[in-house]
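A.B. asks: Once you've had a glance at the structure underneath, I'll fire off some questions.
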Amino acid sequence: MSGARNLWVVGKRELRSYFATPVAYVFLVVFLLLAGFLSQFLGQFYEGGQANLESFFSFNIWLYLFLVPAISMRLWSEERRNGTIELLMTLPITETQAVLGKYLAAWAFCGVALALTFPIWITVAYLGDPDHGTIVTGYLGSFLMSGAFLAIGSMVSACTKNQVIAFVVTATVGFVFILADFPFITGVIDAYLPEVFGQLVRSIGFMTHFSGLQRGVVELPSVVFFGSLIAAALYVNTLLVAHVKAS
Amino acid sequence: MDTRTKLIVGAGLAAALFGAVNVLTSTKFSGARLDLTEDKLYTLSKGAKDIARGLDEPIRLEYYASRELRDATPTIGAFMRRVEDVLDGFVRASKGKLILERFDPLEFSEAEDAAALAGLQRVALQRGDVQGFFGLVMRNSVGDVETIPAFNRNDEVFLEYEIAQRLVALDDAGKPVLGLMTDLPLMGAPAAQPGQQGAPEWQIVPLLRRQFDLRTIDTDTTAIAPDVDVLMLVHPNGLSERTLYAIDQYALGGGRILALVDPFCAVDTGAASQGGVPGGSDLGPLLATWGVELDVDDFVADRTLARMDEGGPVLVSMRIDSSVVDESDPVTARLSDVELFTPGSLTQVEGATTTFTPLVTTTDDAGLLDKAANVRVLDPSDMLANFVPSGEPFTLVARLSGPISTAFPEGYAVDGDGEAGTEDEGSVQRALPPGHVAASTRPFEAIVVADADLLFDGLWLGRSLFGVSKLRENPDLVLNAAEQLGGGDALIGLRARGTFDRPFEVVRELRLAASAELDAEQTRLEKELDDVNGRIEQIAADQGGGATVLLTPELEEELARAYEVRDATRKELRRVKYDLQRDEEALGRRVKAINILTMPLVVVLGGLIVWLLRRKRANPSR
C-alpha cells in the first residue's frame with residue numbers, strides 16, 4: 001500500500017468511529033451552541049455594531065482549550081485501553097502513517113465543526129460590509145490553532161490509557177501555551193531570567209500568533225509556530241507509539 | 001537504541017529544535033508577512049516607506065501607551081494595536097534609523113512625568129474613570145522634538161501622514177523655506193505719515209513663521225532662489241514678464257507653488273483706491289501652462305454654502321464645510337469651516353499636461369455672478385434675485401501635478417527700462433538667459449486656491465476683550481497645503497488610508513429610517529396642534545374678540561376635540577418611537593437566534609436522519 005493510501009485508510013477508520021456513536025453529533029452541537037452563545041452574548045456581536053468577527057474568534061481559543069482535548073483524549077488512550085492498538089499495528093503501516101492518519105482525521109473533524117459556524121459570516125455580510133480577507137485569515141488562524149491543540153492532545157493521549165488524565169493534561173499544557181505571552185508571565189521571566197528565555201516564552205504564546213491572523217495579517221513567525229508545534233508534537237507522538245508497540 | 005532512549009532523545013531534540021526555530025523566526029523574520037486586509041491596513045504605503053528609508057539621521061520615537069486605557073475598551077485596544085503596527089512598519093522600513101521605545105506611564109512613575117513634560121495630553125475615557133497617555137514623542141539627534149500629544153481615533157486614516165510629516169520635519173535641518181510674494185499688505189504697512197500708526201501684519205504671518213522659514217520675495221524679483229521649498233503667491237497682479245519668467249523657471253526646476261488667485265480680492269486696497277472694478281489675479285501665461293484657468297470676470301456663489309444672516313444667504317461669502325472637501329487628501333480632509341469671499345472658479349485647460357484634482361468644490365446649488373455687475377451691489381437680496389444656479393459644482397481649490405513646459409520658450413521680453421514687453425511682438429526683444437529650462441525635470445506640484453481674501457484676519461479671526469481667537473479654519477487650509485508641498489514628493493503622495501471601522505449598515509439604516517419617521521411624525525403632531533390652536537383662535541375671534549372670552553358650548557366642544565386629537569397624536573408618537581426601537585431590537589434577537597440555534601438544530605436533525613437510516617438498514621423489516 002502507498003503511504004497516502006495508508007493515511008486515507010487510517011483516517012477513514014478514525015472518522016467512521018466518530019460517527020458510529022452519537023459522540024460526534026454531541027460534540028458538534030456543544031461546540032456550535034457555545035461558539036454562538038459566547039460570540040452573541042459575551043462577545044456582544046450585535047451590540048458592538050462592527051462588521052467583523054472579532055467577537056467570534058476571540059472566544060475560539062477558550063473553546064478549543066476544553067473541546068479539543070475532548071476529541072484528542074481518545075485518539076490513542078482508547079486504542080491502548082481497548083487493546084485495539086495492537087490490531088492497528090498489525091496492519092502493514094508505519095507508526096508515522098498511523099499517527100498522521102488519526103491526527104488528520106481528527107483535524108478534519110475540527111475543520112467541519114469550524115466550517116459549520118458559517119452562518120455568522122453570512123450574518124455579518126448581511127448587516128454590514130466586512131473585510132472578507134480578515135475573515136478568511138481569521139478562520140485559517142482558528143483552524144491552525146485547533147490543529148496545534150490537537151497535536152498536543154494526540155501526543156498526550158499516547159502517554160496514557162486513561163482518557164480523563166489525557167484530557168486534563170492536554171488542557172493544562174494548552175493553558176500554558178495560552179498564558180505564555182500574558183504580560184504578568186513575561187514580566188516575571190524578564191525580571192529573573194536571561195533575555196533569551198523571555199523571547200522563547202513570548203514566541204510560543206497562542207494569543208499573539210492568533211491575533212495577527214485574526215486581524216488579517218499572515219505573519220511568517222505565526223505560521224512557522226503553529227506548523228512547527230504540530231510537527232514536533234506529532235514526531236514525539238510517533239516515538240511514543242513506537243515505544244508502546246515495542247513494550 | 002531501544003525505543004525508550006529513542007523517545008527521550010527524540011523528544012528532547014524536538015523540543016530544542018522547536019524552541020530554536022521559533023526564537024529565530026520571531027526575531028529575524030518578524031517582518032515577513034502577508035497583509036490580506038482589503039485596504040492593506042497593516043502595510044505601510046510606499047510614500048511612508050520612502051520617507052522612513054530616506055532618513056539621514058537617527059530619530060528616537062518614545063511611544064507612551066497606558067495599559068489601563070488599552071484594557072478599558074476593545075475599540076481603544078484595537079486602535080492602539082493599529083498605531084503600534086504603523087509605528088513598527090516605520091521602524092522596519094527605516095533600517096535602524098528609527099529607534100522605538102515603548103512606555104507604560106503608570107501613575108507617579110518617571111514615564112508619566114516624562115510624558116507630561118514632553119507635552120503629551122492625558123486622555124480620559126468618556127465614562128471618566130480611566131485616564132492615561134496615548135501619544136508619541138519624536139526626537140532627532142540635535143534636540144528638536146515633535147509630538148503627537150494624543151492619538152485620535154477620528155484621524156485614524158491619516159495616522160501614517162501624521163507620523164511621516166513629523167519625521168520629515170525632524171529629518172530636515174531647520175524649517176522648510178516658504179517664499180511669499182504678494183502686493184497685499186500681509187506683512188503690515190508702515191505709517192503713512194509721522195505720528196500715525198502703521199497697519200499691523202496679518203495674523204496668518206506669525207502662523208506661517210512658526211512652521212516655515214518665511215522669506216518675502218519682491219514682486220519685481222528676477223530670480224527665485226532654488227532653496228525656496230514652496231513659493232506662495234497671493235493675488236499676484238501686474239508682475240513683469242521678467243518676474244513671471246523667474247516663477248516659470250523656478251517651477252520647472254522642481255519648485256512647489258501655492259497660488260492664491262482671485263477674480264475679485266476685496267482686501268486689495270491698492271486696487272480699490274483706484275476706483276472702478278479691481279482686476280483679478282494675473283499670472284500671465286503661467287496658469288494656462290500649468291493646466292488651469294481662473295475665470296476672472298465672474299465669481300462663484302453657492303446658495304447652500306453661503307453665509308446666512310437675518311436677510312437670508314449672503315452670496316459673496318461662502319462657508320466651506322466637510323461635505324465639499326476631498327476627504328482623502330490630508331490638505332483638506334479635516335477642514336470643516338473655511339470662509340471664502342467671492343471665490344473664483346478653476347477649470348482645467350484643454351490639452352493640459354498636468355492632472356487636475358479638485359480639492360474643494362461648491363455644491364450643485366452654485367452659479368457664476370458677473371463681477372462687474374455684482375461687486376458694488378450692497379443688498380444681498382438683490383444679488384439673490386439675479387442668481388441662477390448652474391446645477392453643477394465649481395472647483396475652488398485644485399491640485400496640479402505632472403510634467404510642464406515653459407511658458408516662455410523664447411525667453412522674456414526686454415525693453416529699454418527692463419519692464420514687461422508690449423503687445424507688439426515685432427518691436428520686442430527677447431532674452432533667453434543661459435541655463436534656461438524648457439521642460440520640467442521632475443513632476444510639477446502646485447495647489448491653486450481661487451480666493452485670496454481668506455487670509456484676511458476679518459474672515460477667520462474673532463477679536464474680543466480677551467484677545468483674538470480663531471473662528472474658522474482658513475489658516476489650516478493654507479498651512480496644510482504649504483506643509484505638504486514643502487515636505488517632498490513622498491509626503492505629497494500620502495493619502496488617507498483605510499479604517500477598521502466597519503459599522504453595521506443595516507442597523508444604521510434602520511436607525512436613520514426610524515429618526516426620519518419620528519421627525520415626520522413630530523412635524524405632523526406640531527402641525528396638528530397648530531391647526532387646533534388656529535381653530536380655537538378663530539372661534540374666539542368669531543365670538544367678538546372681547547377682553548374676556550366666554551367658553552361657548554362650540555368652543556368647549558372644539559377644545560375637547562383638540563385635546564383629544566393632541567393626546568391621540570402624542571400616544572401615536574410614543575408608539576412609533578417604541579416600534580422603531582423594536583425593529584432594531586427584533587433584528588438583534590433574530591441575529592442571536594439564527595447564530596446560536598440554526599446549526600445545532602441542523603446537526604441534530606442530520607444525526608436523527610442518519611440514525612433512522614441505519615436502524616432501517618440494520619432491521620429492514622421494521
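Here, A, B, ... name the chains of the C-alpha cells in the order displayed, residue numbers run from 1 inside each chain, and ligands are numbered from 1 in the same displayed order.
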Using DSSP assignments from the backbone, pull out every residue in region 157-193 of chain B that falls under alpha helix (DSSP H) and give it to me as a ChimeraX atom specification.
C.D. replies: /B:159-171
A.B. asks: Mind dumping a table of every chain A residue within 7 Å of chain B, with the nearest atom pair and its distance in Å to one decimal, using only C-alpha atoms, sorted by chain and rising number, as JSON lines?
C.D. replies:
{"residue": "A:Tyr25", "atom": "CA", "partner": "B:Gly607", "partner_atom": "CA", "distance": 6.4}
{"residue": "A:Val29", "atom": "CA", "partner": "B:Pro600", "partner_atom": "CA", "distance": 4.7}
{"residue": "A:Leu32", "atom": "CA", "partner": "B:Pro600", "partner_atom": "CA", "distance": 6.0}
{"residue": "A:Leu33", "atom": "CA", "partner": "B:Ile596", "partner_atom": "CA", "distance": 5.5}
{"residue": "A:Gly36", "atom": "CA", "partner": "B:Ile596", "partner_atom": "CA", "distance": 4.3}
{"residue": "A:Phe37", "atom": "CA", "partner": "B:Ile596", "partner_atom": "CA", "distance": 5.8}
{"residue": "A:Gln40", "atom": "CA", "partner": "B:Lys592", "partner_atom": "CA", "distance": 5.9}
{"residue": "A:Tyr46", "atom": "CA", "partner": "B:Gly588", "partner_atom": "CA", "distance": 6.1}
{"residue": "A:Gly49", "atom": "CA", "partner": "B:Phe504", "partner_atom": "CA", "distance": 5.4}
{"residue": "A:Gln50", "atom": "CA", "partner": "B:Pro503", "partner_atom": "CA", "distance": 4.6}
{"residue": "A:Ala51", "atom": "CA", "partner": "B:Arg502", "partner_atom": "CA", "distance": 5.3}
{"residue": "A:Leu116", "atom": "CA", "partner": "B:Met599", "partner_atom": "CA", "distance": 6.7}
{"residue": "A:Pro119", "atom": "CA", "partner": "B:Asn595", "partner_atom": "CA", "distance": 6.3}
{"residue": "A:Ile120", "atom": "CA", "partner": "B:Asn595", "partner_atom": "CA", "distance": 6.0}
{"residue": "A:Leu127", "atom": "CA", "partner": "B:Phe504", "partner_atom": "CA", "distance": 5.0}
{"residue": "A:Gly128", "atom": "CA", "partner": "B:Phe504", "partner_atom": "CA", "distance": 4.3}
{"residue": "A:Asp129", "atom": "CA", "partner": "B:Arg502", "partner_atom": "CA", "distance": 6.6}
{"residue": "A:Pro130", "atom": "CA", "partner": "B:Arg502", "partner_atom": "CA", "distance": 6.6}
{"residue": "A:Asp131", "atom": "CA", "partner": "B:Glu38", "partner_atom": "CA", "distance": 5.9}
{"residue": "A:Gly133", "atom": "CA", "partner": "B:Thr37", "partner_atom": "CA", "distance": 5.1}
{"residue": "A:Thr134", "atom": "CA", "partner": "B:Thr37", "partner_atom": "CA", "distance": 5.5}
{"residue": "A:Gln199", "atom": "CA", "partner": "B:Val23", "partner_atom": "CA", "distance": 6.4}
{"residue": "A:Leu200", "atom": "CA", "partner": "B:Val23", "partner_atom": "CA", "distance": 5.6}
{"residue": "A:Ser203", "atom": "CA", "partner": "B:Asn22", "partner_atom": "CA", "distance": 6.2}
{"residue": "A:Gly216", "atom": "CA", "partner": "B:Thr37", "partner_atom": "CA", "distance": 5.2}
{"residue": "A:Val217", "atom": "CA", "partner": "B:Asp35", "partner_atom": "CA", "distance": 4.5}
{"residue": "A:Val218", "atom": "CA", "partner": "B:Leu34", "partner_atom": "CA", "distance": 5.0}
{"residue": "A:Glu219", "atom": "CA", "partner": "B:Arg33", "partner_atom": "CA", "distance": 4.2}
{"residue": "A:Leu220", "atom": "CA", "partner": "B:Ala32", "partner_atom": "CA", "distance": 5.5}
{"residue": "A:Pro221", "atom": "CA", "partner": "B:Thr25", "partner_atom": "CA", "distance": 5.3}
{"residue": "A:Phe225", "atom": "CA", "partner": "B:Asn22", "partner_atom": "CA", "distance": 6.1}
{"residue": "A:Ser228", "atom": "CA", "partner": "B:Phe18", "partner_atom": "CA", "distance": 6.1}
{"residue": "A:Leu229", "atom": "CA", "partner": "B:Phe18", "partner_atom": "CA", "distance": 6.7}
{"residue": "A:Ala232", "atom": "CA", "partner": "B:Ala14", "partner_atom": "CA", "distance": 5.4}
{"residue": "A:Val236", "atom": "CA", "partner": "B:Ala11", "partner_atom": "CA", "distance": 5.5}
{"residue": "A:Leu239", "atom": "CA", "partner": "B:Leu7", "partner_atom": "CA", "distance": 5.3}
{"residue": "A:Leu240", "atom": "CA", "partner": "B:Leu7", "partner_atom": "CA", "distance": 6.4}
{"residue": "A:Ala242", "atom": "CA", "partner": "B:Thr3", "partner_atom": "CA", "distance": 6.7}
{"residue": "A:His243", "atom": "CA", "partner": "B:Thr3", "partner_atom": "CA", "distance": 4.9}
A.B. asks: Can you tell me how far CA of Val10 (chain A) sits from CA of Ser72 (chain A), in Å to one decimal?
C.D. replies: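 Interatomic distance, CA of Val10 (chain A) to CA of Ser72 (chain A): 15.4 Å.
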A.B. asks: Determine, counting only C-alpha atoms, which protein, DNA and RNA residues have an atom within 12 Å of an atom of Trp62 (chain A); residues of the same chain fewer than 4 positions away are not included. Present the result as a list in words.
C.D. replies: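 So, after excluding close chain neighbours, the residues are Phe31, Leu34, Ala35, Leu38, Ser39, Phe56, Phe57, Ser58, Phe66, Leu67, Val68, Pro69, Ser142, Met145, Ser146, Phe149, Ala171, Gly174, Phe175, Phe177, Ile178, Leu179, Phe206 and Met207 of chain A.
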A.B. asks: Rank B:Ser94, B:Thr354, B:Gln211, B:Ser336 by their smallest atom-to-atom distance to Gly487 (chain B), using only C-alpha atoms, and report the top residue only.
C.D. replies: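 Ranking B:Ser94, B:Thr354, B:Gln211, B:Ser336 by distance to Gly487 (chain B), first place goes to B:Gln211.
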